[in-house]
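Student: First the structure, which I've put down as structure tokens, then a few questions once you've had a look.
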Amino acid sequence: MSDRLIYLDHAATTAVKPEVFEAMKPYFTELFGNPSSIYSLGRTAKKAISEAREKVAAALNADAKEIFFTGSGTEADNWAIKGVAYANRKKGKHIITTAIEHHAVLHTCEYLEKEGFEVTYLPVDENGLICTKRLEKAIRPDTILITIMLANNEIGTIQPIEEIGEIARQKGVIFHTDAVQAIGNVKIDVKSMNVDLLSLSAHKFYGPKGVGALYIRKGINITNLMHGGAQERKRRASTENVAGIVGLGKAIEIASNNIEQYNKKLLALSQKAIEEISEKIPYIKFNGHQKLRLPGTVNISFRFIEGESLLLMLDMKGILASSGSACTSGSLDPSHVLLAIGLPHEIAHGSLRISFGEESTEQDVSFLVEQLSLIVERLRGMSPLYEDFVKNEGRNLYV
Amino acid sequence: MYSDKVMDHFANPRNVGEIEGADGVGQVGNAKCGDIMKMYLKIEDGKITDAKFKTFGCGAAVATSSMATELIIGKTVDEAYKITNAAVAEALDGLPPAKMHCSNLAEEAIQAALEDYKLKNGLTDEADVCKKCCKRCEDVHDLIDEDM
Ligand SMILES: Cc1ncc(COP(=O)(O)O)c(C=O)c1O
């Protein structure tokens, strides 16, 4: 074990920023009031929530009345998709999504298929981009919802959201986007993007876990997911996670005021990592779009080795990252995203996602590259696939 | 999620490598499934005098390969045949449920190498070979396309 921890998994989650934590603290203790209570302690909490709502609205160029807090990004996705499907089922039962959505979207769509809805899963190209012409063709008279993620959590590819939004608006189909990975990295404007619903989650931008939000454009027909009290203007029952919401508000304010600088920093680190890894390690492939990609996300497939082994060995050196191998996906197949961009199973198994963030440094990159090249060499040294490859050199060409 | 013993065998795997002119070589698993185990045996007078492995796979796959080689060195062919996946897993102080298939792979790799040895020495006929090995993936994947 190393005593130095190098956290390169910001796409999984981020640490709460000190100033965010400070803003949250009073709402756990002295300002613990229930926002629905009419006395001043309750009103203070209510005020804190409306301030947070204003901040989210400002970050998205939305109206505060269009922002609804949820218990997570997953809940926001579930609400958007099930809510629109159930509210519009008389109009139609067809939903369009993509093959590379987060499970919060994919499994919700699969659930709705069991409920009698029909879902089209748009394929993506080798860079992870959908084809907008294909999207247009997929729209039917009974299409009620298009749900396409803004930025992918595994390979970072950013979809042409404005274009998709325009198509949806022209055809009169409701458009939801999962922007969980995009906040803080991509400038959001729900108006110019023609987005009707947008999901976000605080823990991806240095806010707390277990709190998210759904933007619902005024006039969108959507049913409730949670039934109970009158919170969130009767749209989402349950006593508000006041401290969490305050944290989300503070975090999104910081993140959205800092997009350019953050991009520049992360891009430089990614660029350095990509260059040095390409230089030092043969038989690799970078996944995701070269340019239309989250600045801090680098996804690499290393041929002849398996991702979990790679992660465990990196962990022994204090480097924390993630992989799309079957062993880490919790199923027998490697990541659906890597398969969707056309990677063969055996290459998808050997993938690594590193995602840089606030505390990442150039030294982190250097240490990563140094350790990575040693570990890959070591794992290849014990791989029967590499042994075969070496024995057949020349006949095997890397895909 | 892994026991200390699994992590020890993963971090410091025993008997990694190849054996030149091995008396038995067996390979099981499938790249598509994410794990392949290749086992090399040196057998003298019906006794396993050396075993080496190469593995493409997760932490549990590496650890079970390593433990399997330790368990069979010094055993007779008949004894080695009887080593079960449960014995390999137990020797590692257990495996997470999702990783039990890795120990199957270890058992199959030993048996595949032993079958190869028997075949090379006229102790079995070809028809018996590979009954157990190379099947594992079909259990878990409906469609398996070896050429993909
Ligand atoms: C793209 C995307 N959507 C949804 C989620 C789920 O968000 P949460 O963890 O807040 O439920 C995540 C992250 O886990 C994500 O990356």
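We name chains A, B, ... following the order of the structure tokens; residues begin at 1 in each chain, and ligands are numbered from 1 as shown.
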Using only C-alpha atoms, find the residues of chain B whose closest atom to chain A is at most 10 Å away, then write them as number ranges by chain.
Tutor: B: 7, 10-11, 13, 16-18, 27, 30-39, 53-62, 98-99, 137, 140-141, 148
Student: Each residue of chain A with at least one atom at most 9 Å from ligand 1 should appear once, together with its nearest atom pair and the corresponding distance in Å (one decimal); atoms considered: only C-alpha atoms and all ligand atoms; ordering: chain, then increasing residue number; output as CSV.
Tutor:
residue,atom,partner,partner_atom_place_in_ligand_line,distance
A:Ala11,CA,ligand 1,16 (O),6.6
A:Ala12,CA,ligand 1,14 (O),6.2
A:Thr13,CA,ligand 1,14 (O),7.5
A:Gly71,CA,ligand 1,10 (O),7.5
A:Ser72,CA,ligand 1,10 (O),3.9
A:Gly73,CA,ligand 1,10 (O),3.5
A:Thr74,CA,ligand 1,11 (O),3.7
A:Glu75,CA,ligand 1,11 (O),6.5
A:Ala76,CA,ligand 1,11 (O),8.1
A:Asp77,CA,ligand 1,4 (C),7.1
A:Glu101,CA,ligand 1,1 (C),6.9
A:His102,CA,ligand 1,1 (C),5.0
A:His103,CA,ligand 1,4 (C),7.3
A:Ala104,CA,ligand 1,4 (C),5.6
A:Val105,CA,ligand 1,3 (N),7.4
A:Met149,CA,ligand 1,1 (C),6.8
A:Leu150,CA,ligand 1,1 (C),8.1
A:Ala151,CA,ligand 1,1 (C),6.9
A:Asn152,CA,ligand 1,1 (C),5.8
A:Asn153,CA,ligand 1,16 (O),4.6
A:Glu154,CA,ligand 1,16 (O),7.9
A:Asp178,CA,ligand 1,3 (N),5.9
A:Ala179,CA,ligand 1,1 (C),6.6
A:Val180,CA,ligand 1,2 (C),4.9
A:Gln181,CA,ligand 1,1 (C),5.3
A:Ala182,CA,ligand 1,1 (C),8.3
A:Ser199,CA,ligand 1,3 (N),7.8
A:Leu200,CA,ligand 1,10 (O),7.4
A:Ser201,CA,ligand 1,10 (O),4.6
A:Ala202,CA,ligand 1,10 (O),7.0
A:His203,CA,ligand 1,10 (O),6.7
A:Lys204,CA,ligand 1,13 (C),7.4
A:Lys209,CA,ligand 1,10 (O),6.6
A:Gly210,CA,ligand 1,10 (O),6.0
A:Val211,CA,ligand 1,10 (O),6.6
A:Gly212,CA,ligand 1,10 (O),6.1
Student: When you look at Ala268 (chain A) with a cut-off of 9 Å (counting only C-alpha atoms), what residues show up, excluding the ones that are within fewer than 5 positions of it in the same chain? I need them as a PyMOL selection string.
Tutor: chain A and resi 263+273+295-296+362
Student: Those same residues - C-alpha atoms - I'd like them written as an mmCIF file, in the first residue's frame.
Tutor:
data_model
loop_
_atom_site.group_PDB
_atom_site.id
_atom_site.type_symbol
_atom_site.label_atom_id
_atom_site.label_comp_id
_atom_site.auth_asym_id
_atom_site.auth_seq_id
_atom_site.Cartn_x
_atom_site.Cartn_y
_atom_site.Cartn_z
ATOM 1 C CA ASN A 263 -11.981 22.934 -18.561
ATOM 2 C CA ALA A 273 -1.882 11.717 -19.806
ATOM 3 C CA PRO A 295 -12.232 17.511 -20.486
ATOM 4 C CA GLY A 296 -11.268 15.355 -17.506
ATOM 5 C CA GLU A 362 0.679 17.153 -13.277
#
Student: Considering only C-alpha atoms, can you say which of A:Glu359, A:Glu163, A:Asp388, A:Glu19 comes closest to Ala251 (chain A)?
Tutor: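 Checking each of A:Glu359, A:Glu163, A:Asp388, A:Glu19 against Ala251 (chain A), counting only C-alpha atoms, the winner is A:Glu19.
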Student: State, in Å with one decimal place, the distance from CA of Ala51 (chain B) to CA of Arg303 (chain A).
Tutor: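 Separation between CA of Ala51 (chain B) and CA of Arg303 (chain A): 26.0 Å.
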Student: Using backbone DSSP assignments, extract all alpha helix (DSSP H) residues from region 76-263 of chain A; output them as a ChimeraX atom specification.
Tutor: /A:76-87,103-114,132-138,161-171,231-234,242-256,259-263
Student: Any idea what the distance is between CA of Ala99 (chain A) and CA of Phe175 (chain A)?
Tutor: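 Going from CA of Ala99 (chain A) over to CA of Phe175 (chain A), I get 16.5 Å.
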Student: Go through B:Glu108, B:Asp125, B:Asp93, B:Asp116 one by one, measure the shortest atom-to-atom distance of each to Asp8 (chain B) using only C-alpha atoms, and give the residue with the smallest value.
Tutor: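 With only C-alpha atoms as the atom set, the closest residue is B:Asp93.
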Student: Between CA of Phe389 (chain A) and CA of Gly342 (chain A), measure the distance and give it in Å to one decimal.
Tutor: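 Result for CA of Phe389 (chain A) versus CA of Gly342 (chain A): 21.4 Å, one decimal.
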Student: Hey, what does DSSP flag as strand (DSSP E) within region 166-291 of chain A? Can you give it to me as a PyMOL selection string?
Tutor: chain A and resi 174-178+197-201+212-216+284-287
Student: Which is closer to Arg53 (chain A) than all the others in A:Leu248, A:Ile183, A:Ile144, A:Leu5, using only C-alpha atoms?
Tutor: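 Residue with the minimum atom-to-atom distance to Arg53 (chain A): A:Leu248.
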Student: Quick one: residues within 9 Å of Glu358 (chain A), only C-alpha atoms, excluding same-chain residues fewer than 6 positions away - as a list in words?
Tutor: His10, Thr14, Tyr206, Tyr262, Lys265 and Leu266 of chain A
Student: Smallest atom-to-atom distance to Lys114 (chain A): which of A:Lys93, A:Gly324, A:Arg169, A:Met193, using only C-alpha atoms?
Tutor: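 Under the stated criterion, the closest residue is A:Lys93.
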Student: Near Thr84 (chain B), counting only C-alpha atoms, which residues have an atom at most 9 Å away, once you skip same-chain residues fewer than 3 positions from it, shown as a VMD selection string?
Tutor: chain B and resid 80 to 81 87 to 89 103 to 104 106 to 108
Student: Would you save the residues of that selection, restricted to all heavy atoms, as a CSV table (one decimal), in the first residue's frame?
Tutor:
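Everything below was put into selection23.csv:
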chain,number,residue,atom,x,y,z
B,80,ALA,N,-4.4,-35.0,-8.1
B,80,ALA,CA,-4.7,-33.6,-8.7
B,80,ALA,C,-6.0,-33.6,-9.4
B,80,ALA,O,-6.7,-32.5,-9.3
B,80,ALA,CB,-3.6,-33.3,-9.7
B,81,TYR,N,-6.4,-34.7,-10.0
B,81,TYR,CA,-7.7,-34.8,-10.6
B,81,TYR,C,-8.9,-34.5,-9.7
B,81,TYR,O,-9.9,-34.0,-10.1
B,81,TYR,CB,-7.9,-36.2,-11.2
B,81,TYR,CG,-8.1,-36.2,-12.7
B,81,TYR,CD1,-7.0,-36.6,-13.5
B,81,TYR,CD2,-9.2,-35.7,-13.3
B,81,TYR,CE1,-7.1,-36.6,-14.9
B,81,TYR,CE2,-9.3,-35.7,-14.7
B,81,TYR,CZ,-8.3,-36.1,-15.5
B,81,TYR,OH,-8.4,-36.1,-16.8
B,87,ALA,N,-12.3,-26.6,-3.2
B,87,ALA,CA,-11.0,-26.8,-2.4
B,87,ALA,C,-10.1,-25.6,-2.7
B,87,ALA,O,-9.4,-25.0,-1.8
B,87,ALA,CB,-10.3,-28.1,-2.8
B,88,VAL,N,-10.1,-25.1,-4.0
B,88,VAL,CA,-9.2,-24.0,-4.3
B,88,VAL,C,-9.8,-22.7,-3.6
B,88,VAL,O,-9.0,-22.0,-3.0
B,88,VAL,CB,-9.2,-23.8,-5.9
B,88,VAL,CG1,-8.4,-22.5,-6.2
B,88,VAL,CG2,-8.7,-25.0,-6.6
B,89,ALA,N,-11.1,-22.5,-3.7
B,89,ALA,CA,-11.7,-21.4,-3.0
B,89,ALA,C,-11.4,-21.4,-1.5
B,89,ALA,O,-11.1,-20.4,-0.9
B,89,ALA,CB,-13.2,-21.3,-3.3
B,103,SER,N,-13.0,-20.0,-9.6
B,103,SER,CA,-12.5,-21.2,-9.1
B,103,SER,C,-12.8,-22.4,-9.9
B,103,SER,O,-12.1,-23.4,-10.0
B,103,SER,CB,-12.9,-21.5,-7.6
B,103,SER,OG,-14.3,-21.5,-7.5
B,104,ASN,N,-14.0,-22.4,-10.6
B,104,ASN,CA,-14.3,-23.4,-11.6
B,104,ASN,C,-13.3,-23.5,-12.7
B,104,ASN,O,-12.8,-24.5,-13.1
B,104,ASN,CB,-15.7,-23.1,-12.3
B,104,ASN,CG,-16.8,-23.3,-11.3
B,104,ASN,OD1,-16.7,-24.0,-10.4
B,104,ASN,ND2,-17.9,-22.6,-11.6
B,106,ALA,N,-10.2,-22.6,-12.5
B,106,ALA,CA,-8.9,-23.2,-12.0
B,106,ALA,C,-9.0,-24.7,-12.0
B,106,ALA,O,-8.1,-25.4,-12.4
B,106,ALA,CB,-8.7,-22.7,-10.5
B,107,GLU,N,-10.2,-25.3,-11.5
B,107,GLU,CA,-10.4,-26.7,-11.5
B,107,GLU,C,-10.3,-27.2,-13.0
B,107,GLU,O,-9.7,-28.2,-13.3
B,107,GLU,CB,-11.7,-27.0,-10.9
B,107,GLU,CG,-12.1,-28.5,-10.9
B,107,GLU,CD,-13.5,-28.8,-10.5
B,107,GLU,OE1,-14.0,-28.2,-9.5
B,107,GLU,OE2,-14.2,-29.7,-11.1
B,108,GLU,N,-11.0,-26.5,-13.9
B,108,GLU,CA,-11.0,-27.0,-15.3
B,108,GLU,C,-9.6,-26.9,-15.9
B,108,GLU,O,-9.2,-27.7,-16.8
B,108,GLU,CB,-12.0,-26.1,-16.1
B,108,GLU,CG,-13.4,-26.5,-15.7
B,108,GLU,CD,-14.4,-25.4,-16.1
B,108,GLU,OE1,-14.0,-24.5,-16.9
B,108,GLU,OE2,-15.5,-25.4,-15.7
Student: Quick one: everything within 12 Å of Ala91 (chain B), counting only C-alpha atoms, minus sequence neighbours fewer than 6 positions away in the same chain. Send it as an MDAnalysis selection string.
Tutor: chainID B and resid 3:6 9 63:71 83:85 103
